[in-house]
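S.K.: Handing over target.cif, mmCIF, C-alpha atoms.
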data_my_file
loop_
_atom_site.group_PDB
_atom_site.id
_atom_site.type_symbol
_atom_site.label_atom_id
_atom_site.label_comp_id
_atom_site.auth_asym_id
_atom_site.auth_seq_id
_atom_site.Cartn_x
_atom_site.Cartn_y
_atom_site.Cartn_z
ATOM 1 C CA MET V 21 2.281 -12.678 -21.584
ATOM 2 C CA PRO V 22 -1.166 -13.175 -19.996
ATOM 3 C CA THR V 23 -0.404 -11.279 -16.773
ATOM 4 C CA GLY V 24 1.008 -8.119 -18.380
ATOM 5 C CA GLY V 25 -1.797 -5.933 -17.028
ATOM 6 C CA GLY V 26 -1.385 -7.437 -13.593
ATOM 7 C CA LEU V 27 2.355 -6.845 -13.610
ATOM 8 C CA LEU V 28 1.935 -3.247 -14.758
ATOM 9 C CA CYS V 29 -0.699 -2.516 -12.098
ATOM 10 C CA GLY V 30 1.334 -4.352 -9.463
ATOM 11 C CA ALA V 31 4.576 -2.501 -10.219
ATOM 12 C CA THR V 32 2.836 0.880 -10.301
ATOM 13 C CA GLY V 33 0.877 0.101 -7.139
ATOM 14 C CA LEU V 34 4.008 -1.053 -5.314
ATOM 15 C CA SER V 35 5.828 2.147 -6.296
ATOM 16 C CA LEU V 36 2.960 4.300 -5.043
ATOM 17 C CA LEU V 37 2.652 2.252 -1.855
ATOM 18 C CA VAL V 38 6.351 2.690 -1.063
ATOM 19 C CA ALA V 39 6.107 6.436 -1.763
ATOM 20 C CA ALA V 40 3.012 6.779 0.414
ATOM 21 C CA THR V 41 4.517 4.812 3.292
ATOM 22 C CA ALA V 42 7.876 6.595 3.262
ATOM 23 C CA THR V 43 6.867 10.250 2.898
ATOM 24 C CA HIS V 44 5.850 12.840 5.502
ATOM 25 C CA PHE V 45 2.723 14.170 3.832
ATOM 26 C CA TRP V 46 -0.232 12.229 5.236
ATOM 27 C CA LEU V 47 -1.622 15.275 7.066
ATOM 28 C CA GLN V 48 -1.040 18.911 6.258
ATOM 29 C CA ARG V 49 -2.063 22.287 7.655
ATOM 30 C CA GLN V 50 -1.029 25.900 7.394
ATOM 31 C CA GLY V 51 0.571 26.759 10.739
ATOM 32 C CA PRO V 52 1.792 30.109 12.058
ATOM 33 C CA GLY V 53 5.389 29.375 10.938
ATOM 34 C CA GLY V 54 4.460 27.991 7.526
ATOM 35 C CA PRO V 55 3.113 24.667 6.324
ATOM 36 C CA GLU V 56 3.195 21.719 8.707
ATOM 37 C CA ASN V 57 3.148 18.090 7.569
ATOM 38 C CA LEU V 58 2.793 14.807 9.399
ATOM 39 C CA GLY V 59 3.559 11.339 8.098
ATOM 40 C CA LEU V 60 3.831 7.871 9.567
ATOM 41 C CA TRP V 61 7.493 8.342 10.489
ATOM 42 C CA GLY V 62 7.916 12.063 11.156
ATOM 43 C CA GLY V 63 6.768 15.581 10.620
ATOM 44 C CA CYS V 64 7.952 18.782 8.980
ATOM 45 C CA ARG V 65 7.359 22.251 10.377
ATOM 46 C CA GLY V 66 8.257 25.142 8.136
ATOM 47 C CA GLY V 67 10.972 23.203 6.332
ATOM 48 C CA PRO V 68 13.071 20.887 8.518
ATOM 49 C CA CYS V 69 11.705 17.396 9.160
ATOM 50 C CA HIS V 70 12.056 15.461 12.399
ATOM 51 C CA PRO V 71 10.961 12.086 13.769
ATOM 52 C CA LEU V 72 7.766 12.033 15.782
ATOM 53 C CA PRO V 73 8.547 12.213 19.525
ATOM 54 C CA THR V 74 5.586 10.005 20.415
ATOM 55 C CA THR V 75 3.368 7.964 18.168
ATOM 56 C CA PRO V 76 -0.189 6.870 18.934
ATOM 57 C CA ALA V 77 -0.733 3.114 18.957
ATOM 58 C CA ALA V 78 -3.102 3.339 15.995
ATOM 59 C CA TRP V 79 -0.392 5.015 13.895
ATOM 60 C CA GLU V 80 2.011 2.238 14.937
ATOM 61 C CA ALA V 81 -0.577 -0.260 13.701
ATOM 62 C CA THR V 82 -0.822 1.686 10.443
ATOM 63 C CA ARG V 83 2.962 1.539 10.058
ATOM 64 C CA VAL V 84 2.986 -2.222 10.551
ATOM 65 C CA LEU V 85 0.082 -2.804 8.157
ATOM 66 C CA MET V 86 1.626 -0.596 5.469
ATOM 67 C CA LEU V 87 5.032 -2.291 5.774
ATOM 68 C CA LEU V 88 3.418 -5.738 5.584
ATOM 69 C CA SER V 89 1.490 -4.547 2.555
ATOM 70 C CA VAL V 90 4.693 -3.400 0.830
ATOM 71 C CA LEU V 91 6.305 -6.765 1.596
ATOM 72 C CA ALA V 92 3.293 -8.715 0.303
ATOM 73 C CA ALA V 93 3.056 -6.566 -2.841
ATOM 74 C CA ALA V 94 6.764 -7.071 -3.585
ATOM 75 C CA THR V 95 6.354 -10.824 -3.078
ATOM 76 C CA GLY V 96 3.294 -10.926 -5.326
ATOM 77 C CA LEU V 97 5.108 -8.961 -8.008
ATOM 78 C CA ALA V 98 8.110 -11.297 -7.792
ATOM 79 C CA LEU V 99 5.788 -14.306 -8.111
ATOM 80 C CA GLY V 100 4.118 -12.679 -11.091
ATOM 81 C CA LEU V 101 7.473 -12.105 -12.755
ATOM 82 C CA SER V 102 8.552 -15.703 -12.076
ATOM 83 C CA VAL V 103 5.573 -17.038 -14.033
ATOM 84 C CA VAL V 104 7.503 -16.653 -17.289
ATOM 85 C CA ALA V 105 10.302 -19.005 -16.216
ATOM 86 C CA SER V 106 8.126 -21.604 -14.525
ATOM 87 C CA ALA V 107 6.496 -24.791 -15.737
ATOM 88 C CA ALA V 108 3.727 -24.363 -13.150
ATOM 89 C CA ARG V 109 2.396 -21.100 -14.586
ATOM 90 C CA ARG V 110 -1.163 -21.416 -13.345
ATOM 91 C CA ALA V 111 -0.195 -22.141 -9.746
ATOM 92 C CA ARG V 112 2.313 -19.284 -9.617
ATOM 93 C CA THR V 113 -0.095 -16.872 -11.279
ATOM 94 C CA ARG V 114 -2.776 -17.801 -8.748
ATOM 95 C CA ALA V 115 -0.316 -17.415 -5.861
ATOM 96 C CA ALA V 116 0.732 -13.993 -7.200
ATOM 97 C CA GLY V 117 -2.931 -12.947 -7.414
ATOM 98 C CA VAL V 118 -3.724 -14.043 -3.878
ATOM 99 C CA THR V 119 -0.587 -12.368 -2.523
ATOM 100 C CA LEU V 120 -1.393 -9.099 -4.296
ATOM 101 C CA LEU V 121 -4.970 -9.196 -3.005
ATOM 102 C CA LEU V 122 -3.579 -9.727 0.505
ATOM 103 C CA ALA V 123 -1.296 -6.708 0.008
ATOM 104 C CA GLY V 124 -4.274 -4.604 -1.061
ATOM 105 C CA LEU V 125 -6.271 -5.744 1.962
ATOM 106 C CA LEU V 126 -3.423 -4.935 4.357
ATOM 107 C CA ALA V 127 -3.009 -1.451 2.872
ATOM 108 C CA LEU V 128 -6.783 -0.936 3.000
ATOM 109 C CA LEU V 129 -6.789 -1.875 6.695
ATOM 110 C CA GLY V 130 -3.813 0.410 7.383
ATOM 111 C CA LEU V 131 -5.452 3.363 5.670
ATOM 112 C CA GLY V 132 -8.747 2.668 7.421
ATOM 113 C CA VAL V 133 -7.100 2.511 10.848
ATOM 114 C CA TYR V 134 -5.245 5.744 10.099
ATOM 115 C CA THR V 135 -8.405 7.523 8.969
ATOM 116 C CA ALA V 136 -10.478 6.490 11.966
ATOM 117 C CA SER V 137 -7.746 7.092 14.541
ATOM 118 C CA THR V 138 -6.643 10.435 13.126
ATOM 119 C CA LEU V 139 -10.127 11.883 13.259
ATOM 120 C CA SER V 140 -10.530 10.797 16.874
ATOM 121 C CA LEU V 141 -6.990 11.822 17.942
ATOM 122 C CA LEU V 142 -7.214 15.321 16.518
ATOM 123 C CA GLY V 143 -10.707 15.903 17.882
ATOM 124 C CA PRO V 144 -12.056 19.377 17.140
ATOM 125 C CA ALA V 145 -8.673 20.436 15.749
ATOM 126 C CA HIS V 146 -9.141 18.068 12.797
ATOM 127 C CA ALA V 147 -10.762 20.910 10.825
ATOM 128 C CA ALA V 148 -7.371 22.670 10.578
ATOM 129 C CA TRP V 149 -5.672 19.571 9.155
ATOM 130 C CA ARG V 150 -6.313 18.016 5.776
ATOM 131 C CA LEU V 151 -5.329 14.656 4.372
ATOM 132 C CA SER V 152 -2.523 15.175 1.894
ATOM 133 C CA TRP V 153 -0.971 13.556 -1.154
ATOM 134 C CA SER V 154 0.878 10.683 0.555
ATOM 135 C CA TYR V 155 -2.404 9.487 2.012
ATOM 136 C CA ILE V 156 -4.093 9.756 -1.404
ATOM 137 C CA LEU V 157 -1.248 7.807 -3.030
ATOM 138 C CA GLY V 158 -1.955 5.036 -0.535
ATOM 139 C CA TRP V 159 -5.575 4.800 -1.682
ATOM 140 C CA VAL V 160 -4.583 4.789 -5.354
ATOM 141 C CA ALA V 161 -2.046 2.043 -4.577
ATOM 142 C CA VAL V 162 -4.789 -0.047 -2.930
ATOM 143 C CA VAL V 163 -6.878 0.096 -6.096
ATOM 144 C CA LEU V 164 -3.922 -0.749 -8.360
ATOM 145 C CA ILE V 165 -2.623 -3.601 -6.219
ATOM 146 C CA ALA V 166 -6.070 -5.157 -5.774
ATOM 147 C CA SER V 167 -6.617 -4.829 -9.536
ATOM 148 C CA ALA V 168 -3.290 -6.539 -10.149
ATOM 149 C CA GLY V 169 -4.371 -9.396 -7.901
ATOM 150 C CA LEU V 170 -7.653 -9.761 -9.775
ATOM 151 C CA PHE V 171 -5.864 -9.664 -13.136
ATOM 152 C CA HIS V 172 -3.546 -12.456 -11.997
ATOM 153 C CA LEU V 173 -6.435 -14.561 -10.729
ATOM 154 C CA CYS V 174 -8.318 -14.095 -14.019
ATOM 155 C CA ALA V 175 -5.184 -15.010 -15.977
ATOM 156 C CA ALA V 176 -4.761 -18.146 -13.859
ATOM 157 C CA ALA V 177 -8.366 -19.162 -14.504
ATOM 158 C CA LYS V 178 -7.951 -18.746 -18.281
ATOM 159 C CA ASP V 179 -4.491 -20.357 -18.525
ATOM 160 C CA PRO V 180 -4.701 -23.651 -20.447
ATOM 161 C CA SER V 181 -1.394 -24.938 -19.053
ATOM 162 C CA PRO V 182 -1.583 -27.694 -16.431
ATOM 163 C CA ASP V 183 -1.012 -27.047 -12.737
ATOM 164 C CA SER V 184 2.255 -28.079 -11.143
ATOM 165 C CA SER V 185 0.645 -31.193 -9.630
ATOM 166 C CA GLU V 186 -0.456 -32.331 -13.095
ATOM 167 C CA VAL V 187 3.020 -31.677 -14.517
ATOM 168 C CA ALA V 188 4.657 -33.702 -11.731
ATOM 169 C CA GLY V 189 2.244 -36.586 -12.229
ATOM 170 C CA ALA V 190 2.828 -36.821 -15.997
#
How would this structure read if it were set down as C-alpha cells?
M.R.:
Amino acid sequence: MPTGGGLLCGATGLSLLVAATATHFWLQRQGPGGPENLGLWGGCRGGPCHPLPTTPAAWEATRVLMLLSVLAAATGLALGLSVVASAARRARTRAAGVTLLLAGLLALLGLGVYTASTLSLLGPAHAAWRLSWSYILGWVAVVLIASAGLFHLCAAAKDPSPDSSEVAGA
C-alpha cells in the first residue's frame, strides 16, 4: 500500500491530537495546595477537576480550531483508508493529503493562538506557569499530521493509476 506511512502518521497524529485537546494539562504550576493544571475545557487544583468558570475568547478560538483540526484529521484518515477500495486512488489520496495538511494547519493555528494569548493573559504571573504535556502532544500531533498529508500527496504524485475523470471517460 503506497500510503502506509501516511496512514500510520495520520492515525498516530489523530490520537495525539484528541488526547491533547481533551486533557487538562496545557498549563501547570505548583500552587500552595498542590499542583494546579489548566486545559482547554477545565482545570484541576490539588486533585479534583472542574470546568473553567470563564474562558478568554482566545481560548475559545483555540477550542474551535483544535476541534476542527480533529474533524479534518479524522476525515483525512478516513479518505486515506478508503483509497484501498476505490478505483480513483490518486484523487482520493490527493484529497486525503490536502485534508490532513488542513488539519495540521488548523492545529498549528490553534496552538499559536493559545501560546500568544496565554502569555499575554497571564502577564507577569506567566513565570509561575509552565506549558505541560498536553500542549506538547499538540505540537507533536501537528508534525505527524502534516507529515501524513505530505506522504499522501507524494503517494498521489507517484501513483500510476488514472484519476477518476480518466476512469469515467474510458
S.K.: If you count all atoms listed in the file, which residues fall within 12 Å of stretch 32-41 of chain V, apart from same-chain ones fewer than 6 positions away, as number ranges by chain?
M.R.: V: 25-26, 47, 58-62, 79, 82-98, 120-121, 123-124, 126-128, 130-131, 134, 152-169
S.K.: Measuring atom to atom with all atoms listed in the file, identify which of V:Val133, V:Asp179, V:Leu125, V:Glu56 is nearest to V:Ala78.
M.R.: V:Val133
S.K.: My list of candidates is V:Gln50, V:Gly100, V:Asn57, V:Gly117. Which is closest to V:Cys69 when distances are computed with only C-alpha atoms?
M.R.: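 Of V:Gln50, V:Gly100, V:Asn57, V:Gly117, the one nearest V:Cys69, counting only C-alpha atoms, is V:Asn57.
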S.K.: Suppose you want the space between atom CA of V:Ala145 and atom CA of V:Gly63; what is it in Å?
M.R.: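 Atom-to-atom, atom CA of V:Ala145 and atom CA of V:Gly63 are spaced 17.0 Å apart.
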S.K.: With all atoms listed in the file as the atoms that count, which of V:Ala176, V:Ala31, V:Gln48, V:Gly24 lies nearest to V:Ala108?
M.R.: V:Ala176
S.K.: Can you measure atom CA of V:Ala81 to atom CA of V:Val118 for me? One decimal in Å is fine.
M.R.: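 About the pair atom CA of V:Ala81 and atom CA of V:Val118: they are 22.6 Å apart.
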S.K.: Enter the distance from atom CA of V:Ala148 to atom CA of V:His44, in Å, rounded to one decimal.
M.R.: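 Rounded to one decimal, the two atoms are 17.2 Å apart.
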S.K.: Using all atoms listed in the file, can you tell me which of V:Pro73, V:Lys178, V:Arg150, V:Gly132 comes closest to V:Arg110?
M.R.: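 Checking each candidate against V:Arg110, we get V:Lys178 as the closest.
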S.K.: Evaluate the PyMOL selection byres ((chain V and resi 113) around 8) on the structure here and hand back the selected residues as a ChimeraX atom specification.
M.R.: /V:23,99-100,103,109-112,114-117,172-173,175-176
S.K.: For C-alpha atoms, I'd like the residues from the last selection saved as a PDB file, in the coordinates of the input.
M.R.:
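As written to disk, out_36.pdb reads:
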ATOM      1  CA  THR V  23      -0.404 -11.279 -16.773  1.00  0.00           C
ATOM      2  CA  LEU V  99       5.788 -14.306  -8.111  1.00  0.00           C
ATOM      3  CA  GLY V 100       4.118 -12.679 -11.091  1.00  0.00           C
ATOM      4  CA  VAL V 103       5.573 -17.038 -14.033  1.00  0.00           C
ATOM      5  CA  ARG V 109       2.396 -21.100 -14.586  1.00  0.00           C
ATOM      6  CA  ARG V 110      -1.163 -21.416 -13.345  1.00  0.00           C
ATOM      7  CA  ALA V 111      -0.195 -22.141  -9.746  1.00  0.00           C
ATOM      8  CA  ARG V 112       2.313 -19.284  -9.617  1.00  0.00           C
ATOM      9  CA  ARG V 114      -2.776 -17.801  -8.748  1.00  0.00           C
ATOM     10  CA  ALA V 115      -0.316 -17.415  -5.861  1.00  0.00           C
ATOM     11  CA  ALA V 116       0.732 -13.993  -7.200  1.00  0.00           C
ATOM     12  CA  GLY V 117      -2.931 -12.947  -7.414  1.00  0.00           C
ATOM     13  CA  HIS V 172      -3.546 -12.456 -11.997  1.00  0.00           C
ATOM     14  CA  LEU V 173      -6.435 -14.561 -10.729  1.00  0.00           C
ATOM     15  CA  ALA V 175      -5.184 -15.010 -15.977  1.00  0.00           C
ATOM     16  CA  ALA V 176      -4.761 -18.146 -13.859  1.00  0.00           C
TER      17      ALA V 176
END
S.K.: So which one's closest to V:Trp46, V:Leu129, V:Cys64, V:Pro180, V:Cys174? Using all atoms listed in the file, please.
M.R.: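 With all atoms listed in the file as the atom set, the closest residue is V:Cys64.
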S.K.: Any chance you could work out the axis-aligned box around stretch 63-77 of chain V, listed atoms only, 5 Å on each side, giving centre and edge lengths in Å to one decimal, as JSON?
M.R.:
{"center_x": 6.2, "center_y": 14.1, "center_z": 13.4, "size_x": 23.8, "size_y": 32.0, "size_z": 24.1}
